[in-house]
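Trainee: Pasting data.cif below, which is mmCIF, C-alpha atoms.
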data_coords
loop_
_atom_site.label_atom_id
_atom_site.label_comp_id
_atom_site.auth_asym_id
_atom_site.auth_seq_id
_atom_site.Cartn_x
_atom_site.Cartn_y
_atom_site.Cartn_z
CA MET A 1 -137.86 10.43 13.25
CA PHE A 2 -136.38 8.36 10.43
CA GLN A 3 -138.12 10.61 7.90
CA LYS A 4 -136.52 13.70 9.48
CA MET A 5 -133.10 12.05 9.21
CA GLU A 6 -133.73 11.40 5.52
CA ASP A 7 -135.05 14.91 4.81
CA THR A 8 -131.58 16.33 5.54
CA PHE A 9 -130.31 14.73 2.33
CA LYS A 10 -133.33 15.46 0.13
CA PHE A 11 -132.04 17.71 -2.63
CA CYS A 12 -130.86 17.04 -6.17
CA VAL A 13 -127.17 16.31 -5.90
CA GLU A 14 -126.61 17.59 -9.46
CA CYS A 15 -128.59 20.86 -9.71
CA LYS A 16 -129.10 21.38 -5.92
CA LYS A 17 -132.90 21.82 -6.24
CA LEU A 18 -134.84 21.36 -3.02
CA PRO A 19 -138.19 19.50 -2.95
CA GLU A 20 -140.16 22.70 -2.23
CA SER A 21 -138.77 24.37 -5.37
CA MET A 22 -140.08 21.59 -7.60
CA PRO A 23 -143.59 21.44 -9.17
CA ASP A 24 -144.01 18.02 -7.56
CA PRO A 25 -141.82 17.57 -4.45
CA LYS A 26 -142.45 13.82 -4.59
CA SER A 27 -140.71 13.57 -7.96
CA LEU A 28 -137.32 13.65 -6.16
CA ARG A 29 -135.93 10.13 -6.44
CA ARG A 30 -133.13 8.25 -4.67
CA CYS A 31 -130.31 6.44 -6.38
CA LYS A 32 -131.46 2.81 -6.30
CA ARG A 33 -127.93 1.50 -5.75
CA CYS A 34 -126.83 3.49 -2.70
CA GLN A 35 -130.23 4.68 -1.39
CA ASN A 36 -128.41 7.82 -0.31
CA VAL A 37 -128.39 10.64 -2.90
CA TYR A 38 -131.35 12.20 -4.72
CA TYR A 39 -132.07 13.48 -8.22
CA CYS A 40 -134.84 15.67 -9.58
CA GLY A 41 -134.94 13.70 -12.83
CA SER A 42 -133.19 11.31 -15.17
CA GLU A 43 -131.21 14.07 -16.90
CA CYS A 44 -129.53 15.14 -13.65
CA GLN A 45 -128.90 11.52 -12.72
CA ARG A 46 -127.19 10.77 -16.04
CA ALA A 47 -125.13 13.95 -15.84
CA ASN A 48 -124.04 13.14 -12.28
CA TRP A 49 -123.25 9.47 -12.77
CA PRO A 50 -119.55 9.87 -13.79
CA THR A 51 -118.96 11.55 -10.41
CA HIS A 52 -121.37 9.52 -8.32
CA LYS A 53 -120.22 6.09 -9.52
CA LYS A 54 -116.86 6.61 -7.79
CA VAL A 55 -118.50 6.77 -4.34
CA CYS A 56 -121.83 4.96 -4.84
CA LYS A 57 -120.79 1.75 -3.02
CA LYS A 58 -119.36 3.65 -0.07
CA LEU A 59 -122.44 5.87 0.18
CA LYS A 60 -124.59 2.75 0.42
CA LEU A 61 -122.72 1.93 3.64
CA VAL A 62 -123.23 5.52 4.87
CA ALA A 63 -127.00 5.27 4.36
CA LEU A 64 -127.20 1.94 6.19
CA ASP A 65 -124.99 3.02 9.09
CA ARG A 66 -126.98 6.22 9.51
CA LEU A 67 -130.06 4.14 10.31
CA VAL A 68 -128.27 1.54 12.44
CA GLU A 69 -126.74 4.34 14.52
CA TRP A 70 -130.21 4.80 16.04
CA LEU A 71 -129.44 1.68 18.10
CA VAL A 72 -126.86 3.74 20.00
CA PHE A 73 -129.70 5.92 21.30
CA THR A 74 -131.82 2.90 22.24
CA GLY A 75 -128.89 1.42 24.17
CA ASP A 76 -128.46 -1.71 22.00
CA ILE A 77 -125.06 -0.37 20.92
CA PRO A 78 -122.56 -0.67 22.44
CA PHE A 79 -123.04 -4.26 23.51
CA PRO A 80 -121.53 -5.17 26.91
CA THR A 81 -117.79 -5.31 26.28
CA SER A 82 -115.08 -7.46 27.87
CA PRO A 83 -111.85 -6.49 29.65
CA TRP A 84 -108.97 -6.18 27.20
CA THR A 85 -106.72 -9.22 27.28
CA LYS A 86 -103.94 -7.42 25.40
CA ARG A 87 -102.08 -4.26 26.30
CA THR A 88 -103.35 -1.20 24.43
CA LEU A 89 -100.27 -0.88 22.23
CA GLU A 90 -100.56 -4.55 21.26
CA VAL A 91 -104.05 -4.01 19.83
CA ARG A 92 -103.40 -3.15 16.20
CA GLY A 93 -106.96 -2.52 15.12
CA TRP A 94 -110.58 -3.57 15.30
CA GLU A 95 -109.97 -7.17 14.32
CA ASP A 96 -107.85 -7.51 17.46
CA TYR A 97 -110.49 -5.66 19.46
CA PHE A 98 -113.36 -7.93 18.44
CA SER A 99 -111.22 -11.00 19.04
CA MET A 100 -111.02 -9.99 22.73
CA GLN A 101 -114.81 -9.93 23.15
CA ASP A 102 -116.33 -12.86 25.02
CA SER A 103 -119.43 -14.41 23.40
CA LEU A 104 -119.20 -11.99 20.46
CA GLU A 105 -121.62 -13.91 18.23
CA GLU A 106 -124.22 -14.04 20.99
CA LYS A 107 -123.89 -10.31 21.70
CA LEU A 108 -124.27 -9.44 18.02
CA SER A 109 -127.19 -11.85 17.66
CA ASN A 110 -129.01 -10.15 20.53
CA ILE A 111 -128.78 -6.85 18.65
CA MET A 112 -129.76 -8.35 15.30
CA THR A 113 -132.87 -10.05 16.66
CA GLY A 114 -133.75 -7.41 19.22
CA ARG A 115 -136.95 -5.40 19.53
CA TYR A 116 -135.40 -2.13 18.40
CA MET A 117 -133.87 -3.65 15.28
CA ASN A 118 -137.36 -4.82 14.29
CA ILE A 119 -138.81 -1.37 15.02
CA LEU A 120 -136.05 0.22 12.94
CA TRP A 121 -136.83 -1.70 9.77
CA ALA A 122 -140.58 -1.47 10.25
CA ASN A 123 -140.25 2.34 10.09
CA ALA A 124 -137.14 3.03 8.02
CA GLY A 125 -138.93 3.36 4.69
CA LYS A 126 -136.23 1.24 3.07
CA PRO A 127 -135.90 -2.50 2.49
CA LYS A 128 -134.05 -4.39 5.20
CA PRO A 129 -130.60 -5.43 3.95
CA GLU A 130 -129.18 -8.94 3.97
CA GLU A 131 -128.15 -10.20 7.40
CA ALA A 132 -124.43 -10.17 6.58
CA GLU A 133 -124.63 -6.53 5.44
CA LEU A 134 -126.54 -5.55 8.55
CA LEU A 135 -124.12 -7.37 10.83
CA GLU A 136 -121.15 -5.50 9.35
CA SER A 137 -123.01 -2.23 9.83
CA VAL A 138 -123.58 -3.00 13.52
CA LYS A 139 -119.86 -3.63 13.92
CA ARG A 140 -118.94 -0.40 12.12
CA VAL A 141 -121.25 1.62 14.36
CA MET A 142 -119.75 -0.17 17.36
CA THR A 143 -116.25 0.94 16.31
CA ASP A 144 -117.50 4.51 15.96
CA PHE A 145 -118.77 4.49 19.55
CA VAL A 146 -115.63 2.90 21.01
CA SER A 147 -113.24 5.00 18.90
CA ARG A 148 -113.19 8.00 21.25
CA PRO A 149 -112.46 6.24 24.57
CA ALA A 150 -110.02 3.90 22.82
CA THR A 151 -108.18 6.89 21.33
CA ILE A 152 -107.93 8.45 24.79
CA GLY A 153 -106.47 5.17 26.07
CA LEU A 154 -103.98 5.17 23.20
CA GLY A 155 -102.92 8.69 24.16
CA LEU A 156 -102.34 7.65 27.77
CA CYS A 157 -100.03 4.87 26.62
CA LEU A 158 -98.12 6.92 24.05
CA PHE A 159 -97.49 9.64 26.64
CA HIS A 160 -96.53 6.98 29.22
CA LEU A 161 -99.32 8.00 31.60
CA ASP A 162 -100.06 5.06 33.90
CA PRO A 163 -103.66 4.79 35.20
CA TYR A 164 -102.55 1.95 37.47
CA ALA A 165 -100.08 4.20 39.29
CA LYS A 166 -102.39 7.17 39.99
CA PRO A 167 -105.79 8.64 39.09
CA ILE A 168 -105.90 10.23 35.62
CA THR A 169 -107.72 13.39 34.55
CA VAL A 170 -108.56 13.84 30.86
CA HIS A 171 -109.92 17.08 29.40
CA VAL A 172 -111.70 16.77 26.05
CA VAL A 173 -111.32 20.23 24.53
CA GLY A 174 -113.66 21.59 21.86
CA ALA A 175 -116.38 19.10 22.83
CA SER A 176 -119.67 19.62 20.99
CA HIS A 177 -123.02 17.93 20.37
CA VAL A 178 -121.10 15.10 18.67
CA GLU A 179 -119.62 14.00 22.00
CA THR A 180 -122.38 15.18 24.35
CA LEU A 181 -125.81 14.86 22.68
CA ASN A 182 -127.69 12.11 24.55
CA ALA A 183 -124.42 11.24 26.28
CA ARG A 184 -124.66 8.85 29.20
CA VAL A 185 -122.40 8.81 32.23
CA THR A 186 -121.25 5.34 31.12
CA ASP A 187 -120.18 6.32 27.58
CA TYR A 188 -116.45 6.18 28.34
CA ASP A 189 -116.51 3.03 30.46
CA GLU A 190 -114.49 1.30 27.75
CA LEU A 191 -111.48 2.89 29.48
CA SER A 192 -112.17 0.55 32.40
CA ARG A 193 -112.04 -2.41 30.00
CA MET A 194 -108.73 -1.14 28.62
CA PHE A 195 -107.24 -0.62 32.08
CA PRO A 196 -108.95 -3.04 34.51
CA LYS A 197 -108.51 -2.12 38.19
CA HIS A 198 -107.20 1.38 37.36
CA GLN A 199 -106.93 4.04 40.04
CA GLY A 200 -109.77 6.13 38.60
CA ILE A 201 -110.20 8.13 35.37
CA GLU A 202 -112.00 11.45 35.06
CA VAL A 203 -113.08 12.70 31.61
CA VAL A 204 -114.24 16.34 31.43
CA MET A 205 -115.94 17.55 28.23
CA VAL A 206 -115.26 21.26 27.65
CA GLY A 207 -116.70 23.29 24.78
CA VAL A 208 -119.10 26.08 23.82
CA ASP A 209 -121.40 23.58 22.07
CA VAL A 210 -121.66 21.08 24.93
CA VAL A 211 -125.27 19.85 25.21
CA ASP A 212 -127.10 19.78 28.52
CA GLY A 213 -127.78 16.30 29.89
CA PRO A 214 -126.75 13.72 32.50
CA ILE A 215 -123.04 14.50 32.13
CA MET A 216 -123.57 18.23 32.76
CA ARG A 217 -122.21 18.02 36.29
CA PRO A 218 -119.20 19.58 38.00
CA PRO A 219 -115.72 18.11 37.55
CA LEU A 220 -114.18 16.35 40.51
CA VAL A 221 -112.20 18.26 43.13
CA ALA A 222 -111.12 15.16 45.05
CA PHE A 223 -110.95 12.00 43.01
CA GLY A 224 -113.73 9.45 43.32
CA PRO A 225 -113.67 5.66 43.63
CA ARG A 226 -111.10 3.48 41.93
CA GLU A 227 -111.92 1.43 38.84
CA ARG A 228 -114.54 3.97 37.76
CA VAL A 229 -114.72 6.46 34.89
CA TYR A 230 -116.30 9.76 35.93
CA LEU A 231 -117.72 11.78 33.02
CA SER A 232 -118.62 15.47 33.39
CA SER A 233 -118.89 18.56 31.18
CA TYR A 234 -118.47 22.33 31.13
CA LYS A 235 -120.07 24.68 28.60
CA GLY A 236 -117.56 27.34 27.57
CA LEU A 237 -114.17 28.04 26.02
CA TYR A 238 -111.28 26.01 27.34
CA HIS A 239 -109.12 28.93 28.41
CA ASP A 240 -112.10 30.32 30.35
CA PHE A 241 -112.59 26.91 31.97
CA TRP A 242 -108.90 26.89 32.89
CA GLU A 243 -109.07 30.29 34.56
CA SER A 244 -112.37 29.78 36.39
CA GLN A 245 -112.04 26.10 37.32
CA VAL A 246 -108.47 24.79 37.11
CA GLU A 247 -106.61 27.83 38.47
CA THR A 248 -109.11 28.13 41.34
CA GLN A 249 -108.71 24.40 42.07
CA GLN A 250 -112.37 23.67 41.40
CA ALA A 251 -111.22 21.20 38.75
CA ALA A 252 -108.10 19.05 38.54
CA ARG A 253 -105.25 19.96 36.22
CA PRO A 254 -105.31 17.51 33.29
CA ASP A 255 -102.80 14.73 32.78
CA ILE A 256 -103.72 14.83 29.09
CA VAL A 257 -105.89 17.00 26.84
CA VAL A 258 -107.64 15.38 23.87
CA GLY A 259 -109.37 17.13 20.97
CA PHE A 260 -111.59 15.22 18.54
CA HIS A 261 -111.53 16.97 15.14
CA PRO A 262 -110.74 20.50 16.35
CA GLY A 263 -110.73 21.79 12.77
CA PHE A 264 -108.49 24.80 13.43
CA HIS A 265 -106.72 24.16 10.12
CA ALA A 266 -109.92 24.82 8.17
CA CYS A 267 -110.27 28.62 8.32
CA HIS A 268 -108.86 31.77 9.87
CA ASP A 269 -111.84 32.37 12.19
CA LEU A 270 -111.59 28.89 13.69
CA MET A 271 -107.86 29.32 14.17
CA GLU A 272 -108.40 32.61 16.01
CA SER A 273 -110.85 30.96 18.42
CA TRP A 274 -108.44 28.06 19.04
CA LEU A 275 -105.30 30.17 19.46
CA PRO A 276 -105.65 30.92 23.22
CA THR A 277 -106.20 27.23 23.95
CA LEU A 278 -103.30 26.05 21.81
CA LEU A 279 -100.95 28.56 23.45
CA LEU A 280 -102.19 27.53 26.91
CA LEU A 281 -101.53 23.86 26.19
CA ARG A 282 -98.09 24.71 24.82
CA ASP A 283 -97.03 27.03 27.63
CA TYR A 284 -98.22 24.73 30.43
CA GLU A 285 -96.56 21.76 28.68
CA ILE A 286 -99.70 19.64 28.83
CA PRO A 287 -99.54 16.34 26.90
CA SER A 288 -102.09 16.77 24.11
CA LEU A 289 -103.51 14.52 21.41
CA PHE A 290 -105.80 15.76 18.63
CA THR A 291 -107.51 13.71 15.94
CA VAL A 292 -108.42 14.62 12.35
CA TYR A 293 -110.34 13.10 9.44
CA SER A 294 -107.45 12.51 7.05
CA GLU A 295 -103.69 12.50 6.56
CA GLN A 296 -103.90 15.80 4.67
CA GLU A 297 -105.78 17.44 7.55
CA MET A 298 -103.10 16.13 9.88
CA LYS A 299 -100.32 17.68 7.80
CA ASN A 300 -102.13 21.02 7.60
CA SER A 301 -102.70 21.04 11.35
CA LEU A 302 -99.10 20.10 12.09
CA LYS A 303 -97.87 23.05 10.05
CA ILE A 304 -99.94 25.39 12.21
CA LEU A 305 -98.65 23.80 15.42
CA MET A 306 -95.09 24.13 14.14
CA GLU A 307 -95.66 27.82 13.38
CA LEU A 308 -96.68 28.18 17.04
CA GLU A 309 -93.34 26.58 17.97
CA THR A 310 -95.10 23.61 19.54
CA GLN A 311 -93.10 20.44 20.16
CA ILE A 312 -94.63 17.65 18.06
CA THR A 313 -94.03 14.28 19.70
CA GLY A 314 -95.83 11.98 17.29
CA CYS A 315 -98.47 11.58 14.60
CA GLY A 316 -99.89 8.92 12.34
CA ALA A 317 -102.81 6.68 11.43
CA ASN A 318 -105.02 5.83 14.39
CA PRO A 319 -105.49 2.07 14.97
CA PHE A 320 -108.82 2.97 16.61
CA ALA A 321 -110.18 5.10 13.76
CA SER A 322 -113.91 4.62 13.27
CA LEU A 323 -114.86 2.26 10.45
CA LYS A 324 -118.19 4.06 9.93
CA PRO A 325 -117.98 6.27 6.82
CA GLU A 326 -119.20 9.88 7.20
CA GLN A 327 -120.81 11.81 4.37
CA ALA A 328 -120.36 15.54 3.74
CA TYR A 329 -123.89 17.01 3.88
CA SER A 330 -123.03 19.92 1.59
CA ASN A 331 -121.34 17.69 -1.00
CA PRO A 332 -122.82 14.16 -0.87
CA ASN A 333 -120.61 12.90 -3.71
CA LYS A 334 -117.42 13.74 -1.87
CA PRO A 335 -115.58 10.58 -0.76
CA PRO A 336 -116.63 9.69 2.81
CA VAL A 337 -114.27 10.30 5.72
CA TYR A 338 -113.72 8.42 8.98
CA CYS A 339 -113.73 9.86 12.50
CA ASN A 340 -110.41 9.91 14.34
CA SER A 341 -108.63 8.67 11.22
CA HIS A 342 -105.27 10.20 12.20
CA TYR A 343 -103.81 11.71 15.34
CA MET A 344 -101.08 14.12 16.34
CA MET A 345 -99.38 14.52 19.71
CA PHE A 346 -97.67 17.61 21.07
CA ARG A 347 -96.27 18.95 24.31
CA GLY A 348 -94.56 22.21 25.24
CA LEU A 349 -92.26 24.36 23.14
CA SER A 350 -90.17 22.98 20.31
CA ALA A 351 -86.41 23.16 20.59
CA PRO A 352 -85.20 25.54 17.83
CA PRO A 353 -83.87 25.40 15.22
CA ASP A 354 -85.00 21.81 14.55
CA GLU A 355 -87.41 21.36 11.69
CA LEU A 356 -90.03 18.62 11.71
CA ASP A 357 -90.23 16.44 8.63
CA ILE A 358 -93.99 15.97 8.53
CA GLY A 359 -93.79 13.43 5.73
CA GLY A 360 -91.44 11.24 7.68
CA LEU A 361 -92.86 11.55 11.19
CA ASP A 362 -94.81 8.50 12.30
CA GLY A 363 -96.59 8.82 15.58
CA GLY A 364 -95.49 6.76 18.50
CA GLU A 365 -94.16 3.86 16.50
CA GLU A 366 -91.13 3.50 18.71
CA GLU A 367 -93.40 3.28 21.72
CA ARG A 368 -95.59 0.68 20.02
CA ASP A 369 -92.80 -1.79 19.32
#
Using the file provided, produce a representation of the structure as structure tokens.

Mentor:
Amino acid sequence: MFQKMEDTFKFCVECKKLPESMPDPKSLRRCKRCQNVYYCGSECQRANWPTHKKVCKKLKLVALDRLVEWLVFTGDIPFPTSPWTKRTLEVRGWEDYFSMQDSLEEKLSNIMTGRYMNILWANAGKPKPEEAELLESVKRVMTDFVSRPATIGLGLCLFHLDPYAKPITVHVVGASHVETLNARVTDYDELSRMFPKHQGIEVVMVGVDVVDGPIMRPPLVAFGPRERVYLSSYKGLYHDFWESQVETQQAARPDIVVGFHPGFHACHDLMESWLPTLLLLRDYEIPSLFTVYSEQEMKNSLKILMELETQITGCGANPFASLKPEQAYSNPNKPPVYCNSHYMMFRGLSAPPDELDIGGLDGGEEERD
């Protein structure tokens, strides 16, 4: 399995040669510093070094985290988390988050010395890093796992939706294999740590690339027990889900819609597929929060939303952005990005003729103070 993960990145980053196109496929060699990119020979490595040296240290973290992420599938990550002792808007980042965890050192030690960690490094084909390096990697992967439910919780607070006052329904639009592959029904239980004794939270994953699994079950018609997070999914386009499930009352109308990296800013075809959903969210005045990989992506996406006359209510850096760097497969030397780095919030139609100053808008800061 670990070899298959590595094979994805096996091509010369300079000349793009694949192993099968070389006289000796085994002559492809990794960069010794980052253990992440490959070269077909010393000439390509020397030619590529001026570009690669700018990201080599970061790509070392990417290579390590890619292996440690296996512990999510074994169940070692996430470790059992504690109820939040601060209100969501008082938690300014991951340092605050980890400070709220009871017996943190013991929980991390159990992962570090566990059976699956030993299996990982017995089969990884790479030397095991120093303990301090490995510990930081475990924490980065932990933030990546918690980032999505924590971002949903942030959206509830910024839109003043109170899970203590009534049950909350969340629709995750554009869900794909990223959110649903090997997903467990407990994956969003962090929301119960954020809001202990809540009235009940339903999270419905909706998307054409939703993967079959334990969460492929119908959404709730009548809400279930309090203090529980109910996770379900629907394979299809969101506007089709709305017509077939929400309008027929087979699924609850959402209190908030969240999209993780919708990507509609990237190309015309993606924008066309997203347009019916964006117009639906606008016209039904549904509180919506979308995340992106960077500030520039946020600005590009906001321009599109403004062209659709959508009312932008906030945007900015996400305090619960993942700390796990992500590498672009097609361009390994591109600087890594971070999941849920920035967010944008919108609801209903904008009030013309106001113009939004994207450079000056900072999401939800007034609510955070």

Trainee: Check what the PyMOL selection byres ((chain A and resi 146) around 9) selects in the file above and give those residues as a PDB file with C-alpha atoms, keeping the file's coordinate frame.

Mentor:
ATOM      1  CA  PRO A  78    -122.560  -0.670  22.440  1.00  0.00           C
ATOM      2  CA  VAL A 141    -121.250   1.620  14.360  1.00  0.00           C
ATOM      3  CA  MET A 142    -119.750  -0.170  17.360  1.00  0.00           C
ATOM      4  CA  THR A 143    -116.250   0.940  16.310  1.00  0.00           C
ATOM      5  CA  ASP A 144    -117.500   4.510  15.960  1.00  0.00           C
ATOM      6  CA  PHE A 145    -118.770   4.490  19.550  1.00  0.00           C
ATOM      7  CA  SER A 147    -113.240   5.000  18.900  1.00  0.00           C
ATOM      8  CA  ARG A 148    -113.190   8.000  21.250  1.00  0.00           C
ATOM      9  CA  PRO A 149    -112.460   6.240  24.570  1.00  0.00           C
ATOM     10  CA  ALA A 150    -110.020   3.900  22.820  1.00  0.00           C
ATOM     11  CA  THR A 151    -108.180   6.890  21.330  1.00  0.00           C
ATOM     12  CA  ASP A 187    -120.180   6.320  27.580  1.00  0.00           C
ATOM     13  CA  TYR A 188    -116.450   6.180  28.340  1.00  0.00           C
ATOM     14  CA  GLU A 190    -114.490   1.300  27.750  1.00  0.00           C
ATOM     15  CA  PHE A 320    -108.820   2.970  16.610  1.00  0.00           C
ATOM     16  CA  SER A 322    -113.910   4.620  13.270  1.00  0.00           C
TER      17      SER A 322
END

Trainee: Of the residues A:Glu136, A:Glu43, A:Asp240, A:Glu95, which is the one nearest to Val68 (chain A), using all atoms listed in the file?

Mentor: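 With all atoms listed in the file as the atom set, the closest residue is A:Glu136.
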
Trainee: Each residue of region 65-173 of chain A lying at most 10 Å from region 217-230 of chain A should get a row with its shortest atom-to-atom pair and the distance in Å to one decimal, counting only C-alpha atoms; could you produce that, ordered by chain and increasing number, as a tab-separated table?

Mentor:
residue	atom	partner	partner_atom	distance
A:Pro163	CA	A:Glu227	CA	9.6
A:Tyr164	CA	A:Glu227	CA	9.5
A:Lys166	CA	A:Arg226	CA	9.7
A:Pro167	CA	A:Phe223	CA	7.3
A:Ile168	CA	A:Phe223	CA	9.1
A:Thr169	CA	A:Phe223	CA	9.2

Trainee: Care to translate the PyMOL selection byres ((chain A and resi 334) around 12) into actual residues of this file, as an NGL selection string?

Mentor: :A and (13 or 37 or 51-56 or 58-59 or 325-333 or 335-337)

Trainee: What's the separation between CA of Glu247 (chain A) and CA of Ser301 (chain A), in Å to one decimal place?

Mentor: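 These atoms are spaced 28.2 Å apart.
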
Trainee: Hey, which of A:His342, A:Arg87, A:Lys26, A:His160 ends up closest to Phe195 (chain A)? Count all atoms listed in the file.

Mentor: A:Arg87

Trainee: Please determine, counting only C-alpha atoms, which residue among A:Val204, A:Val62, A:Met306, A:Ala122 has the shortest atom-to-atom distance to Val246 (chain A).

Mentor: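 For Val246 (chain A), the nearest of the given residues is A:Val204.
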
Trainee: Could you tell me how far CA of Cys31 (chain A) lies from CA of Glu133 (chain A), in Å and to one decimal?

Mentor: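 CA of Cys31 (chain A) sits 18.4 Å away from CA of Glu133 (chain A).
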
Trainee: Hey, which of A:Glu130, A:Asn123, A:Phe79, A:Gly153 ends up closest to Glu105 (chain A)? Count all atoms listed in the file.

Mentor: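 So, comparing all the options, the nearest one is A:Phe79.
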
Trainee: Between A:Gly316, A:Phe264, A:Lys139, A:Asp269, which residue has the minimum interatomic distance to Lys303 (chain A), considering all atoms listed in the file?

Mentor: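 Looking only at the distances to Lys303 (chain A), the closest residue turns out to be A:Phe264.
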
Trainee: One decimal, in Å: what's the spacing between CA of Ser233 (chain A) and CA of Ile201 (chain A)?

Mentor: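 Pair CA of Ser233 (chain A) / CA of Ile201 (chain A) returns 14.2 Å.
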
Trainee: Find the residues around Gly259 (chain A) up to 7 Å (all atoms listed in the file counted), leave out those fewer than 6 positions away in its own chain, and share them as an NGL selection string.

Mentor: :A and (172-174 or 289-291)

Trainee: Please, could you write that set of residues out with C-alpha atoms as a JSON list (two decimals), in the frame of the given file?

Mentor:
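Resulting contents of again-v8.json:
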[["chain", "number", "residue", "atom", "x", "y", "z"],
["A", 172, "VAL", "CA", -111.70, 16.77, 26.05],
["A", 173, "VAL", "CA", -111.32, 20.23, 24.53],
["A", 174, "GLY", "CA", -113.66, 21.59, 21.86],
["A", 289, "LEU", "CA", -103.51, 14.52, 21.41],
["A", 290, "PHE", "CA", -105.80, 15.76, 18.63],
["A", 291, "THR", "CA", -107.51, 13.71, 15.94]]

Trainee: Considering all atoms listed in the file, can you say which of A:Glu69, A:Asp283, A:Asp162, A:Glu295 comes closest to Gln311 (chain A)?

Mentor: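 Of A:Glu69, A:Asp283, A:Asp162, A:Glu295, the one nearest Gln311 (chain A) is A:Asp283, counting all atoms listed in the file.
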
Trainee: Go ahead and find all residues with at least one atom no further than 6 Å from (-118.7, 18.8, 26.2) in the file's coordinates, using all atoms listed in the file; report them as an MDAnalysis selection string.

Mentor: chainID A and resid 175:176 180 205:207 210 233

Trainee: Can you list, as a PDB file with C-alpha atoms, in the frame of the given file, the residues that the PyMOL selection byres ((chain A and resi 265) around 8) selects here?

Mentor:
ATOM      1  CA  GLY A 263    -110.730  21.790  12.770  1.00  0.00           C
ATOM      2  CA  PHE A 264    -108.490  24.800  13.430  1.00  0.00           C
ATOM      3  CA  ALA A 266    -109.920  24.820   8.170  1.00  0.00           C
ATOM      4  CA  CYS A 267    -110.270  28.620   8.320  1.00  0.00           C
ATOM      5  CA  HIS A 268    -108.860  31.770   9.870  1.00  0.00           C
ATOM      6  CA  LEU A 270    -111.590  28.890  13.690  1.00  0.00           C
ATOM      7  CA  MET A 271    -107.860  29.320  14.170  1.00  0.00           C
ATOM      8  CA  GLU A 297    -105.780  17.440   7.550  1.00  0.00           C
ATOM      9  CA  ASN A 300    -102.130  21.020   7.600  1.00  0.00           C
ATOM     10  CA  SER A 301    -102.700  21.040  11.350  1.00  0.00           C
ATOM     11  CA  ILE A 304     -99.940  25.390  12.210  1.00  0.00           C
TER      12      ILE A 304
END

Trainee: I want to know what sits within 8 Å of region 275-280 of chain A, based on all atoms listed in the file, with residues of the same chain fewer than 3 positions away left out; could you give that as a list in words?

Mentor: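 Residues near the query, excluding close chain neighbours: Tyr238, His239, Met271, Glu272, Asp283, Tyr284 and Leu308 of chain A.
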
Trainee: For Met22 (chain A), list every protein, DNA or RNA residue within 12 Å, evaluated using only C-alpha atoms, and leave out those in the same chain fewer than 5 positions away; present the list as a list in words.

Mentor: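 Answer for this query is Lys10, Phe11, Cys12, Cys15, Lys16, Lys17, Ser27, Leu28, Tyr39, Cys40 and Gly41 of chain A.
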